[in-house]
Amino acid sequence: MDYYKESLHLHRLNNGKLEVVSKVPVETREDLSIAYTPGVAQPCLEIAANPEEAYNLTIKAHTVAVVSDGSAVLGLGNIGGLAAIPVMEGKSVLFKKFAGLDAFPICLDTQDTNEIVETIKRIAPVFGGINLEDISAPRCFEVERRLIEALDIPVFHDDQHGTAVVVTAAVINAFRFLKKPLKQVKAVVNGAGAAGHAVVRMLLSVGITDILICDSQGIISTDRFSQFGEDKLELLEITNKDNVTGTLTDAVAGRDLFIGVSAPKVLTAEMVRTMNEDCVVFAMANPEPEIKPELAKGAGARIVGTGRSDFPNQINNVLVFPGMFKGALNARAKKITEEMKTAAAYALAGLITDNELTEEYVIPSVFKEGACDAVAEAVANAWKQQEL
């Protein structure tokens, strides 16, 4: 099937993928008076007296804003807010399909950090959560940080944390299958953008402490100190404890785990051969991974995963973000914490039993029954434990 052609036909045929549907009838004058004026004044007064009532009387309890400035869309790059609408519509469809949440695409006609933050702050009252999407690094870090500080609802940049949670779940299961303790794993992360930052922090949270991270120029190390902005200096503080220097080729040698959130074809079979026996390769560049799975396997990788649906071990954020928000909204969480993300990763990993675990099945399918609810329950419980 030509997915590009079929997708264009679907969007053109339906004028997009979303619509707004009323939950109440408006067939009579009485219906109108109850749903709108004068009756609607009473729920307004209730909310004015107690703002928490908005969760009981409006869509706020089950609605997420999917917000993008269109600066880093899929593998398309900076195409702007208008052209990003189909992706954000698709994200909204997935929220409904997997979590039963209502979501709406908010695509902004600005890529100025201050304007993005202020715009989201102004529209936040109607939403129970904010899903940031396809905002380029390093701007995305400041946007998320400032919104978390300013708002009392969950803010979650899926390109960072959704990716980190699902790949960490796959890592947990890969080394469970290989019977290797996570604290003994030597990892390399290629890609020091939004996803790379979050992946590093998640790996640390589950006990992997020996981590090298590379950008397009090589290993992030002290000899390149003068080249780094604040975001990469933060990475330097928490990775590369032995101050290894060099290129990606140098980084992967003697490593157990490669995680790619970078660019196509940057990892070669020769590089995989220098990794440790029974190594794990998660090459997640889309649509073309850092190395083709068959090449990685042929070079000695024991477990291989990508972001694609046409290979085993698809590492897909849809396993995370619907349940993450469902759990956060159910618990009335004010933010998404590191503990909630870690709980989500272990919940995902736990969906595969020891008997089911194989080299080609270390992460559940996106259609795995109960996946969203398992993540949601773990996230809600993690928030409640933090509140105690």
# chains A, B, ... in the order shown; residues from 1 in each chain; ligands from 1
>>> residues_around(residues="A:Thr222", least_positions_apart="3", cutoff="10 Å", atoms="only C-alpha atoms", output="ChimeraX atom specification")
/A:219,225-228,233,236-237,240,243-245
>>> residues_around(residues="A:Asp158", least_positions_apart="2", cutoff="7 Å", atoms="only C-alpha atoms", output="PyMOL selection string")
chain A and resi 131-133+156+160-163+321
>>> write_last_selection(atoms="N, CA and C atoms", output="short mmCIF file (atom, residue, chain, number, x, y, z; two decimals), in the first residue's frame")
data_model
loop_
_atom_site.label_atom_id
_atom_site.label_comp_id
_atom_site.auth_asym_id
_atom_site.auth_seq_id
_atom_site.Cartn_x
_atom_site.Cartn_y
_atom_site.Cartn_z
N ASN A 131 -0.12 18.82 25.83
CA ASN A 131 0.85 17.95 25.16
C ASN A 131 1.62 18.78 24.14
N LEU A 132 2.87 19.08 24.45
CA LEU A 132 3.72 19.80 23.51
C LEU A 132 4.24 18.83 22.47
N GLU A 133 4.31 19.28 21.24
CA GLU A 133 4.64 18.36 20.14
C GLU A 133 5.45 19.07 19.07
N PHE A 156 3.53 18.12 29.12
CA PHE A 156 4.33 16.95 28.73
C PHE A 156 4.78 17.12 27.29
N GLN A 160 10.19 14.45 23.84
CA GLN A 160 11.19 14.13 24.86
C GLN A 160 10.77 12.90 25.67
N HIS A 161 9.72 13.06 26.44
CA HIS A 161 9.44 12.12 27.51
C HIS A 161 8.68 10.88 27.05
N GLY A 162 7.82 11.01 26.05
CA GLY A 162 7.16 9.84 25.52
C GLY A 162 8.18 8.88 24.92
N THR A 163 9.10 9.44 24.13
CA THR A 163 10.17 8.64 23.56
C THR A 163 11.00 7.98 24.65
N PHE A 321 1.85 8.24 25.66
CA PHE A 321 1.19 9.51 25.94
C PHE A 321 -0.31 9.40 26.25
#
>>> select_by_dssp(residues="stretch 66-228 of chain A", states="helix (DSSP H, G or I)", output="PDB file with N, CA and C atoms, in the first residue's frame")
ATOM      1  N   GLY A  80       6.416  24.720   9.809  1.00  0.00           N
ATOM      2  CA  GLY A  80       5.479  25.726  10.297  1.00  0.00           C
ATOM      3  C   GLY A  80       4.194  25.139  10.855  1.00  0.00           C
ATOM      4  N   GLY A  81       3.469  25.983  11.596  1.00  0.00           N
ATOM      5  CA  GLY A  81       2.268  25.542  12.285  1.00  0.00           C
ATOM      6  C   GLY A  81       1.159  25.065  11.364  1.00  0.00           C
ATOM      7  N   LEU A  82       0.913  25.767  10.289  1.00  0.00           N
ATOM      8  CA  LEU A  82      -0.190  25.414   9.390  1.00  0.00           C
ATOM      9  C   LEU A  82       0.007  24.021   8.803  1.00  0.00           C
ATOM     10  N   ALA A  83       1.203  23.745   8.310  1.00  0.00           N
ATOM     11  CA  ALA A  83       1.477  22.444   7.697  1.00  0.00           C
ATOM     12  C   ALA A  83       1.545  21.322   8.724  1.00  0.00           C
ATOM     13  N   ALA A  84       1.670  21.675  10.000  1.00  0.00           N
ATOM     14  CA  ALA A  84       1.747  20.668  11.065  1.00  0.00           C
ATOM     15  C   ALA A  84       0.374  20.171  11.505  1.00  0.00           C
ATOM     16  N   ILE A  85      -0.692  20.813  11.056  1.00  0.00           N
ATOM     17  CA  ILE A  85      -2.033  20.461  11.535  1.00  0.00           C
ATOM     18  C   ILE A  85      -2.361  18.978  11.347  1.00  0.00           C
ATOM     19  N   PRO A  86      -2.079  18.352  10.181  1.00  0.00           N
ATOM     20  CA  PRO A  86      -2.433  16.938  10.042  1.00  0.00           C
ATOM     21  C   PRO A  86      -1.789  16.036  11.097  1.00  0.00           C
ATOM     22  N   VAL A  87      -0.559  16.343  11.488  1.00  0.00           N
ATOM     23  CA  VAL A  87       0.101  15.542  12.518  1.00  0.00           C
ATOM     24  C   VAL A  87      -0.596  15.723  13.862  1.00  0.00           C
ATOM     25  N   MET A  88      -0.925  16.968  14.200  1.00  0.00           N
ATOM     26  CA  MET A  88      -1.556  17.220  15.493  1.00  0.00           C
ATOM     27  C   MET A  88      -2.994  16.673  15.518  1.00  0.00           C
ATOM     28  N   GLU A  89      -3.665  16.692  14.377  1.00  0.00           N
ATOM     29  CA  GLU A  89      -4.964  16.019  14.284  1.00  0.00           C
ATOM     30  C   GLU A  89      -4.805  14.529  14.556  1.00  0.00           C
ATOM     31  N   GLY A  90      -3.779  13.942  13.947  1.00  0.00           N
ATOM     32  CA  GLY A  90      -3.541  12.517  14.143  1.00  0.00           C
ATOM     33  C   GLY A  90      -3.276  12.191  15.599  1.00  0.00           C
ATOM     34  N   LYS A  91      -2.502  13.025  16.254  1.00  0.00           N
ATOM     35  CA  LYS A  91      -2.224  12.834  17.679  1.00  0.00           C
ATOM     36  C   LYS A  91      -3.525  12.880  18.473  1.00  0.00           C
ATOM     37  N   SER A  92      -4.388  13.793  18.109  1.00  0.00           N
ATOM     38  CA  SER A  92      -5.668  13.927  18.796  1.00  0.00           C
ATOM     39  C   SER A  92      -6.535  12.685  18.593  1.00  0.00           C
ATOM     40  N   VAL A  93      -6.501  12.122  17.392  1.00  0.00           N
ATOM     41  CA  VAL A  93      -7.239  10.881  17.117  1.00  0.00           C
ATOM     42  C   VAL A  93      -6.741   9.754  18.021  1.00  0.00           C
ATOM     43  N   LEU A  94      -5.435   9.684  18.206  1.00  0.00           N
ATOM     44  CA  LEU A  94      -4.856   8.622  19.038  1.00  0.00           C
ATOM     45  C   LEU A  94      -5.232   8.787  20.509  1.00  0.00           C
ATOM     46  N   PHE A  95      -5.305  10.017  20.985  1.00  0.00           N
ATOM     47  CA  PHE A  95      -5.772  10.252  22.353  1.00  0.00           C
ATOM     48  C   PHE A  95      -7.172   9.662  22.544  1.00  0.00           C
ATOM     49  N   LYS A  96      -8.033   9.893  21.566  1.00  0.00           N
ATOM     50  CA  LYS A  96      -9.407   9.402  21.664  1.00  0.00           C
ATOM     51  C   LYS A  96      -9.456   7.880  21.554  1.00  0.00           C
ATOM     52  N   LYS A  97      -8.729   7.335  20.596  1.00  0.00           N
ATOM     53  CA  LYS A  97      -8.759   5.896  20.338  1.00  0.00           C
ATOM     54  C   LYS A  97      -8.248   5.100  21.527  1.00  0.00           C
ATOM     55  N   PHE A  98      -7.120   5.505  22.083  1.00  0.00           N
ATOM     56  CA  PHE A  98      -6.460   4.669  23.086  1.00  0.00           C
ATOM     57  C   PHE A  98      -6.799   5.045  24.525  1.00  0.00           C
ATOM     58  N   ALA A  99      -7.141   6.313  24.782  1.00  0.00           N
ATOM     59  CA  ALA A  99      -7.394   6.728  26.167  1.00  0.00           C
ATOM     60  C   ALA A  99      -8.797   7.259  26.394  1.00  0.00           C
ATOM     61  N   THR A 113       9.843  31.873  21.623  1.00  0.00           N
ATOM     62  CA  THR A 113       9.637  31.188  22.903  1.00  0.00           C
ATOM     63  C   THR A 113       8.658  31.928  23.795  1.00  0.00           C
ATOM     64  N   ASN A 114       8.844  33.220  23.951  1.00  0.00           N
ATOM     65  CA  ASN A 114       7.954  33.999  24.828  1.00  0.00           C
ATOM     66  C   ASN A 114       6.519  33.970  24.331  1.00  0.00           C
ATOM     67  N   GLU A 115       6.334  34.098  23.026  1.00  0.00           N
ATOM     68  CA  GLU A 115       4.983  34.095  22.467  1.00  0.00           C
ATOM     69  C   GLU A 115       4.326  32.724  22.619  1.00  0.00           C
ATOM     70  N   ILE A 116       5.107  31.656  22.439  1.00  0.00           N
ATOM     71  CA  ILE A 116       4.558  30.312  22.619  1.00  0.00           C
ATOM     72  C   ILE A 116       4.086  30.128  24.053  1.00  0.00           C
ATOM     73  N   VAL A 117       4.936  30.474  25.000  1.00  0.00           N
ATOM     74  CA  VAL A 117       4.602  30.307  26.416  1.00  0.00           C
ATOM     75  C   VAL A 117       3.382  31.130  26.785  1.00  0.00           C
ATOM     76  N   GLU A 118       3.363  32.381  26.393  1.00  0.00           N
ATOM     77  CA  GLU A 118       2.250  33.253  26.767  1.00  0.00           C
ATOM     78  C   GLU A 118       0.944  32.802  26.118  1.00  0.00           C
ATOM     79  N   THR A 119       1.010  32.335  24.879  1.00  0.00           N
ATOM     80  CA  THR A 119      -0.207  31.867  24.198  1.00  0.00           C
ATOM     81  C   THR A 119      -0.792  30.655  24.917  1.00  0.00           C
ATOM     82  N   ILE A 120       0.056  29.712  25.259  1.00  0.00           N
ATOM     83  CA  ILE A 120      -0.434  28.511  25.930  1.00  0.00           C
ATOM     84  C   ILE A 120      -0.982  28.846  27.305  1.00  0.00           C
ATOM     85  N   LYS A 121      -0.335  29.726  28.013  1.00  0.00           N
ATOM     86  CA  LYS A 121      -0.842  30.142  29.322  1.00  0.00           C
ATOM     87  C   LYS A 121      -2.242  30.732  29.201  1.00  0.00           C
ATOM     88  N   ARG A 122      -2.493  31.495  28.147  1.00  0.00           N
ATOM     89  CA  ARG A 122      -3.788  32.173  27.980  1.00  0.00           C
ATOM     90  C   ARG A 122      -4.915  31.194  27.623  1.00  0.00           C
ATOM     91  N   ILE A 123      -4.586  30.115  26.919  1.00  0.00           N
ATOM     92  CA  ILE A 123      -5.644  29.173  26.515  1.00  0.00           C
ATOM     93  C   ILE A 123      -5.782  28.009  27.482  1.00  0.00           C
ATOM     94  N   ALA A 124      -4.904  27.915  28.475  1.00  0.00           N
ATOM     95  CA  ALA A 124      -4.852  26.746  29.353  1.00  0.00           C
ATOM     96  C   ALA A 124      -6.117  26.474  30.155  1.00  0.00           C
ATOM     97  N   PRO A 125      -6.920  27.476  30.561  1.00  0.00           N
ATOM     98  CA  PRO A 125      -8.048  27.181  31.445  1.00  0.00           C
ATOM     99  C   PRO A 125      -8.997  26.094  30.957  1.00  0.00           C
ATOM    100  N   VAL A 126      -9.181  25.959  29.658  1.00  0.00           N
ATOM    101  CA  VAL A 126     -10.162  24.998  29.153  1.00  0.00           C
ATOM    102  C   VAL A 126      -9.629  23.566  29.135  1.00  0.00           C
ATOM    103  N   ARG A 139      14.842  25.157  22.154  1.00  0.00           N
ATOM    104  CA  ARG A 139      13.712  25.997  22.589  1.00  0.00           C
ATOM    105  C   ARG A 139      12.673  25.194  23.373  1.00  0.00           C
ATOM    106  N   CYS A 140      12.491  23.929  22.990  1.00  0.00           N
ATOM    107  CA  CYS A 140      11.473  23.113  23.644  1.00  0.00           C
ATOM    108  C   CYS A 140      11.728  22.955  25.139  1.00  0.00           C
ATOM    109  N   PHE A 141      12.998  22.949  25.547  1.00  0.00           N
ATOM    110  CA  PHE A 141      13.309  22.783  26.968  1.00  0.00           C
ATOM    111  C   PHE A 141      12.796  23.963  27.779  1.00  0.00           C
ATOM    112  N   GLU A 142      13.049  25.165  27.280  1.00  0.00           N
ATOM    113  CA  GLU A 142      12.610  26.361  28.005  1.00  0.00           C
ATOM    114  C   GLU A 142      11.094  26.493  27.978  1.00  0.00           C
ATOM    115  N   VAL A 143      10.470  26.185  26.841  1.00  0.00           N
ATOM    116  CA  VAL A 143       9.008  26.256  26.751  1.00  0.00           C
ATOM    117  C   VAL A 143       8.372  25.339  27.795  1.00  0.00           C
ATOM    118  N   GLU A 144       8.830  24.101  27.848  1.00  0.00           N
ATOM    119  CA  GLU A 144       8.251  23.161  28.804  1.00  0.00           C
ATOM    120  C   GLU A 144       8.517  23.600  30.240  1.00  0.00           C
ATOM    121  N   ARG A 145       9.749  23.966  30.533  1.00  0.00           N
ATOM    122  CA  ARG A 145      10.099  24.362  31.903  1.00  0.00           C
ATOM    123  C   ARG A 145       9.244  25.522  32.383  1.00  0.00           C
ATOM    124  N   ARG A 146       9.101  26.539  31.555  1.00  0.00           N
ATOM    125  CA  ARG A 146       8.337  27.723  31.960  1.00  0.00           C
ATOM    126  C   ARG A 146       6.849  27.419  32.121  1.00  0.00           C
ATOM    127  N   LEU A 147       6.323  26.548  31.274  1.00  0.00           N
ATOM    128  CA  LEU A 147       4.905  26.191  31.399  1.00  0.00           C
ATOM    129  C   LEU A 147       4.650  25.342  32.639  1.00  0.00           C
ATOM    130  N   ILE A 148       5.564  24.439  32.961  1.00  0.00           N
ATOM    131  CA  ILE A 148       5.420  23.642  34.185  1.00  0.00           C
ATOM    132  C   ILE A 148       5.388  24.561  35.402  1.00  0.00           C
ATOM    133  N   GLU A 149       6.234  25.577  35.402  1.00  0.00           N
ATOM    134  CA  GLU A 149       6.282  26.528  36.518  1.00  0.00           C
ATOM    135  C   GLU A 149       5.027  27.386  36.583  1.00  0.00           C
ATOM    136  N   ALA A 150       4.456  27.722  35.420  1.00  0.00           N
ATOM    137  CA  ALA A 150       3.357  28.691  35.370  1.00  0.00           C
ATOM    138  C   ALA A 150       1.978  28.068  35.543  1.00  0.00           C
ATOM    139  N   ASP A 158       6.018  15.364  24.416  1.00  0.00           N
ATOM    140  CA  ASP A 158       6.029  13.951  24.065  1.00  0.00           C
ATOM    141  C   ASP A 158       7.291  13.551  23.313  1.00  0.00           C
ATOM    142  N   ASP A 159       7.821  14.436  22.476  1.00  0.00           N
ATOM    143  CA  ASP A 159       9.037  14.101  21.735  1.00  0.00           C
ATOM    144  C   ASP A 159      10.184  13.795  22.688  1.00  0.00           C
ATOM    145  N   GLN A 160      10.186  14.447  23.838  1.00  0.00           N
ATOM    146  CA  GLN A 160      11.187  14.130  24.858  1.00  0.00           C
ATOM    147  C   GLN A 160      10.766  12.904  25.671  1.00  0.00           C
ATOM    148  N   HIS A 161       9.722  13.063  26.438  1.00  0.00           N
ATOM    149  CA  HIS A 161       9.436  12.121  27.514  1.00  0.00           C
ATOM    150  C   HIS A 161       8.684  10.881  27.052  1.00  0.00           C
ATOM    151  N   GLY A 162       7.818  11.015  26.052  1.00  0.00           N
ATOM    152  CA  GLY A 162       7.159   9.835  25.520  1.00  0.00           C
ATOM    153  C   GLY A 162       8.181   8.877  24.922  1.00  0.00           C
ATOM    154  N   THR A 163       9.100   9.441  24.135  1.00  0.00           N
ATOM    155  CA  THR A 163      10.172   8.635  23.564  1.00  0.00           C
ATOM    156  C   THR A 163      11.003   7.980  24.652  1.00  0.00           C
ATOM    157  N   ALA A 164      11.357   8.760  25.666  1.00  0.00           N
ATOM    158  CA  ALA A 164      12.215   8.246  26.738  1.00  0.00           C
ATOM    159  C   ALA A 164      11.540   7.118  27.502  1.00  0.00           C
ATOM    160  N   VAL A 165      10.268   7.258  27.793  1.00  0.00           N
ATOM    161  CA  VAL A 165       9.560   6.231  28.565  1.00  0.00           C
ATOM    162  C   VAL A 165       9.468   4.932  27.777  1.00  0.00           C
ATOM    163  N   VAL A 166       9.078   5.006  26.521  1.00  0.00           N
ATOM    164  CA  VAL A 166       8.877   3.765  25.763  1.00  0.00           C
ATOM    165  C   VAL A 166      10.204   3.078  25.467  1.00  0.00           C
ATOM    166  N   VAL A 167      11.265   3.836  25.179  1.00  0.00           N
ATOM    167  CA  VAL A 167      12.555   3.186  24.925  1.00  0.00           C
ATOM    168  C   VAL A 167      13.117   2.601  26.212  1.00  0.00           C
ATOM    169  N   THR A 168      12.853   3.252  27.333  1.00  0.00           N
ATOM    170  CA  THR A 168      13.319   2.705  28.609  1.00  0.00           C
ATOM    171  C   THR A 168      12.594   1.404  28.943  1.00  0.00           C
ATOM    172  N   ALA A 169      11.313   1.336  28.638  1.00  0.00           N
ATOM    173  CA  ALA A 169      10.581   0.074  28.825  1.00  0.00           C
ATOM    174  C   ALA A 169      11.204  -1.031  27.985  1.00  0.00           C
ATOM    175  N   ALA A 170      11.564  -0.709  26.743  1.00  0.00           N
ATOM    176  CA  ALA A 170      12.201  -1.694  25.870  1.00  0.00           C
ATOM    177  C   ALA A 170      13.569  -2.098  26.406  1.00  0.00           C
ATOM    178  N   VAL A 171      14.308  -1.141  26.951  1.00  0.00           N
ATOM    179  CA  VAL A 171      15.624  -1.436  27.540  1.00  0.00           C
ATOM    180  C   VAL A 171      15.471  -2.371  28.746  1.00  0.00           C
ATOM    181  N   ILE A 172      14.506  -2.064  29.607  1.00  0.00           N
ATOM    182  CA  ILE A 172      14.258  -2.916  30.784  1.00  0.00           C
ATOM    183  C   ILE A 172      14.029  -4.360  30.357  1.00  0.00           C
ATOM    184  N   ASN A 173      13.190  -4.536  29.349  1.00  0.00           N
ATOM    185  CA  ASN A 173      12.853  -5.906  28.919  1.00  0.00           C
ATOM    186  C   ASN A 173      13.977  -6.575  28.140  1.00  0.00           C
ATOM    187  N   ALA A 174      14.726  -5.783  27.359  1.00  0.00           N
ATOM    188  CA  ALA A 174      15.832  -6.370  26.604  1.00  0.00           C
ATOM    189  C   ALA A 174      16.853  -6.998  27.547  1.00  0.00           C
ATOM    190  N   PHE A 175      17.196  -6.280  28.605  1.00  0.00           N
ATOM    191  CA  PHE A 175      18.204  -6.806  29.520  1.00  0.00           C
ATOM    192  C   PHE A 175      17.606  -7.774  30.536  1.00  0.00           C
ATOM    193  N   ARG A 176      16.295  -7.739  30.709  1.00  0.00           N
ATOM    194  CA  ARG A 176      15.625  -8.811  31.463  1.00  0.00           C
ATOM    195  C   ARG A 176      15.740 -10.121  30.680  1.00  0.00           C
ATOM    196  N   PHE A 177      15.531 -10.033  29.366  1.00  0.00           N
ATOM    197  CA  PHE A 177      15.678 -11.216  28.526  1.00  0.00           C
ATOM    198  C   PHE A 177      17.117 -11.723  28.539  1.00  0.00           C
ATOM    199  N   LEU A 182      20.722  -3.920  34.968  1.00  0.00           N
ATOM    200  CA  LEU A 182      20.826  -2.610  34.319  1.00  0.00           C
ATOM    201  C   LEU A 182      22.039  -1.827  34.822  1.00  0.00           C
ATOM    202  N   LYS A 183      22.409  -2.009  36.074  1.00  0.00           N
ATOM    203  CA  LYS A 183      23.536  -1.248  36.615  1.00  0.00           C
ATOM    204  C   LYS A 183      24.855  -1.649  35.961  1.00  0.00           C
ATOM    205  N   GLN A 184      24.870  -2.787  35.251  1.00  0.00           N
ATOM    206  CA  GLN A 184      26.079  -3.226  34.556  1.00  0.00           C
ATOM    207  C   GLN A 184      26.102  -2.825  33.084  1.00  0.00           C
ATOM    208  N   ALA A 194      16.078  16.932  21.822  1.00  0.00           N
ATOM    209  CA  ALA A 194      15.023  16.800  22.828  1.00  0.00           C
ATOM    210  C   ALA A 194      14.912  15.376  23.343  1.00  0.00           C
ATOM    211  N   ALA A 195      14.809  14.406  22.430  1.00  0.00           N
ATOM    212  CA  ALA A 195      14.640  13.018  22.855  1.00  0.00           C
ATOM    213  C   ALA A 195      15.875  12.502  23.574  1.00  0.00           C
ATOM    214  N   GLY A 196      17.052  12.835  23.062  1.00  0.00           N
ATOM    215  CA  GLY A 196      18.289  12.365  23.669  1.00  0.00           C
ATOM    216  C   GLY A 196      18.435  12.798  25.114  1.00  0.00           C
ATOM    217  N   HIS A 197      18.097  14.058  25.388  1.00  0.00           N
ATOM    218  CA  HIS A 197      18.143  14.550  26.768  1.00  0.00           C
ATOM    219  C   HIS A 197      17.273  13.692  27.683  1.00  0.00           C
ATOM    220  N   ALA A 198      16.044  13.485  27.265  1.00  0.00           N
ATOM    221  CA  ALA A 198      15.101  12.768  28.119  1.00  0.00           C
ATOM    222  C   ALA A 198      15.478  11.305  28.266  1.00  0.00           C
ATOM    223  N   VAL A 199      15.986  10.696  27.206  1.00  0.00           N
ATOM    224  CA  VAL A 199      16.394   9.295  27.265  1.00  0.00           C
ATOM    225  C   VAL A 199      17.515   9.115  28.292  1.00  0.00           C
ATOM    226  N   VAL A 200      18.495   9.998  28.260  1.00  0.00           N
ATOM    227  CA  VAL A 200      19.596   9.913  29.216  1.00  0.00           C
ATOM    228  C   VAL A 200      19.074   9.961  30.648  1.00  0.00           C
ATOM    229  N   ARG A 201      18.194  10.883  30.929  1.00  0.00           N
ATOM    230  CA  ARG A 201      17.675  11.023  32.298  1.00  0.00           C
ATOM    231  C   ARG A 201      16.858   9.808  32.717  1.00  0.00           C
ATOM    232  N   MET A 202      16.102   9.235  31.777  1.00  0.00           N
ATOM    233  CA  MET A 202      15.330   8.046  32.101  1.00  0.00           C
ATOM    234  C   MET A 202      16.234   6.836  32.351  1.00  0.00           C
ATOM    235  N   LEU A 203      17.294   6.696  31.555  1.00  0.00           N
ATOM    236  CA  LEU A 203      18.226   5.595  31.777  1.00  0.00           C
ATOM    237  C   LEU A 203      18.860   5.705  33.160  1.00  0.00           C
ATOM    238  N   LEU A 204      19.221   6.911  33.547  1.00  0.00           N
ATOM    239  CA  LEU A 204      19.777   7.123  34.882  1.00  0.00           C
ATOM    240  C   LEU A 204      18.774   6.731  35.959  1.00  0.00           C
ATOM    241  N   SER A 205      17.497   7.029  35.715  1.00  0.00           N
ATOM    242  CA  SER A 205      16.464   6.764  36.724  1.00  0.00           C
ATOM    243  C   SER A 205      16.249   5.278  36.964  1.00  0.00           C
ATOM    244  N   THR A 222      34.583  16.852  27.836  1.00  0.00           N
ATOM    245  CA  THR A 222      35.114  18.133  28.317  1.00  0.00           C
ATOM    246  C   THR A 222      36.009  18.819  27.294  1.00  0.00           C
ATOM    247  N   ASP A 223      36.622  18.068  26.374  1.00  0.00           N
ATOM    248  CA  ASP A 223      37.493  18.702  25.383  1.00  0.00           C
ATOM    249  C   ASP A 223      36.709  19.569  24.399  1.00  0.00           C
ATOM    250  N   ARG A 224      35.368  19.440  24.390  1.00  0.00           N
ATOM    251  CA  ARG A 224      34.530  20.247  23.497  1.00  0.00           C
ATOM    252  C   ARG A 224      33.722  21.282  24.279  1.00  0.00           C
ATOM    253  N   PHE A 225      34.119  21.523  25.498  1.00  0.00           N
ATOM    254  CA  PHE A 225      33.379  22.373  26.428  1.00  0.00           C
ATOM    255  C   PHE A 225      32.963  23.706  25.794  1.00  0.00           C
ATOM    256  N   SER A 226      33.855  24.330  25.071  1.00  0.00           N
ATOM    257  CA  SER A 226      33.584  25.673  24.526  1.00  0.00           C
ATOM    258  C   SER A 226      32.522  25.661  23.440  1.00  0.00           C
ATOM    259  N   GLN A 227      32.197  24.475  22.900  1.00  0.00           N
ATOM    260  CA  GLN A 227      31.207  24.385  21.817  1.00  0.00           C
ATOM    261  C   GLN A 227      29.769  24.315  22.334  1.00  0.00           C
TER     262      GLN A 227
END
>>> residues_around(residues="stretch 332-346 of chain A", least_positions_apart="6", cutoff="6 Å", atoms="only C-alpha atoms", output="PyMOL selection string")
chain A and resi 152-154+165+169+375+378-379+382
>>> residues_around(residues="A:Thr247", least_positions_apart="6", cutoff="12 Å", atoms="only C-alpha atoms", output="list in words")
Val188, Asn190, Leu212, Ile213, Cys214, Asp215, Ser216, Gln217, Gly218, Ile219, Ile220, Ser221, Arg224, Ala253, Val266, Leu267 and Met271 of chain A
>>> atom_distance(atom1="atom CA of A:Ala61", atom2="atom CA of A:Phe127")
7.6 Å
>>> select_by_dssp(residues="stretch 68-230 of chain A", states="strand (DSSP E)", output="number ranges by chain")
A: 68, 102-107, 129-132, 155-157, 186-190, 210-215, 218-219
>>> closest_residue(among="A:Val252, A:Ala137, A:Cys107, A:Ile291", to="A:Lys232", atoms="only C-alpha atoms")
A:Ala137
>>> atom_distance(atom1="atom CA of A:Lys384", atom2="atom CA of A:Leu329")
12.0 Å
>>> atom_distance(atom1="atom CA of A:Gly70", atom2="atom CA of A:Leu348")
29.3 Å
>>> residues_around(residues="A:Arg273", least_positions_apart="2", cutoff="7 Å", atoms="only C-alpha atoms", output="JSON, numbers by chain")
{"A": [269, 270, 271, 275, 299, 300]}
>>> residues_around(residues="A:Ser71", least_positions_apart="6", cutoff="6 Å", atoms="only C-alpha atoms", output="VMD selection string")
chain A and resid 78 80 135 to 136
>>> decode(residues="stretch 109-119 of chain A", atoms="N, CA and C atoms", output="PDB file, in the first residue's frame")
ATOM      1  N   ASP A 109       1.158  30.176  15.040  1.00  0.00           N
ATOM      2  CA  ASP A 109       1.807  30.952  13.983  1.00  0.00           C
ATOM      3  C   ASP A 109       2.925  31.797  14.588  1.00  0.00           C
ATOM      4  N   THR A 110       3.749  31.150  15.390  1.00  0.00           N
ATOM      5  CA  THR A 110       4.934  31.793  15.962  1.00  0.00           C
ATOM      6  C   THR A 110       5.906  30.724  16.388  1.00  0.00           C
ATOM      7  N   GLN A 111       7.199  31.056  16.350  1.00  0.00           N
ATOM      8  CA  GLN A 111       8.228  30.177  16.886  1.00  0.00           C
ATOM      9  C   GLN A 111       9.097  30.923  17.894  1.00  0.00           C
ATOM     10  N   ASP A 112       8.521  31.991  18.431  1.00  0.00           N
ATOM     11  CA  ASP A 112       9.170  32.771  19.472  1.00  0.00           C
ATOM     12  C   ASP A 112       8.829  32.162  20.833  1.00  0.00           C
ATOM     13  N   THR A 113       9.843  31.873  21.623  1.00  0.00           N
ATOM     14  CA  THR A 113       9.637  31.188  22.903  1.00  0.00           C
ATOM     15  C   THR A 113       8.658  31.928  23.795  1.00  0.00           C
ATOM     16  N   ASN A 114       8.844  33.220  23.951  1.00  0.00           N
ATOM     17  CA  ASN A 114       7.954  33.999  24.828  1.00  0.00           C
ATOM     18  C   ASN A 114       6.519  33.970  24.331  1.00  0.00           C
ATOM     19  N   GLU A 115       6.334  34.098  23.026  1.00  0.00           N
ATOM     20  CA  GLU A 115       4.983  34.095  22.467  1.00  0.00           C
ATOM     21  C   GLU A 115       4.326  32.724  22.619  1.00  0.00           C
ATOM     22  N   ILE A 116       5.107  31.656  22.439  1.00  0.00           N
ATOM     23  CA  ILE A 116       4.558  30.312  22.619  1.00  0.00           C
ATOM     24  C   ILE A 116       4.086  30.128  24.053  1.00  0.00           C
ATOM     25  N   VAL A 117       4.936  30.474  25.000  1.00  0.00           N
ATOM     26  CA  VAL A 117       4.602  30.307  26.416  1.00  0.00           C
ATOM     27  C   VAL A 117       3.382  31.130  26.785  1.00  0.00           C
ATOM     28  N   GLU A 118       3.363  32.381  26.393  1.00  0.00           N
ATOM     29  CA  GLU A 118       2.250  33.253  26.767  1.00  0.00           C
ATOM     30  C   GLU A 118       0.944  32.802  26.118  1.00  0.00           C
ATOM     31  N   THR A 119       1.010  32.335  24.879  1.00  0.00           N
ATOM     32  CA  THR A 119      -0.207  31.867  24.198  1.00  0.00           C
ATOM     33  C   THR A 119      -0.792  30.655  24.917  1.00  0.00           C
TER      34      THR A 119
END
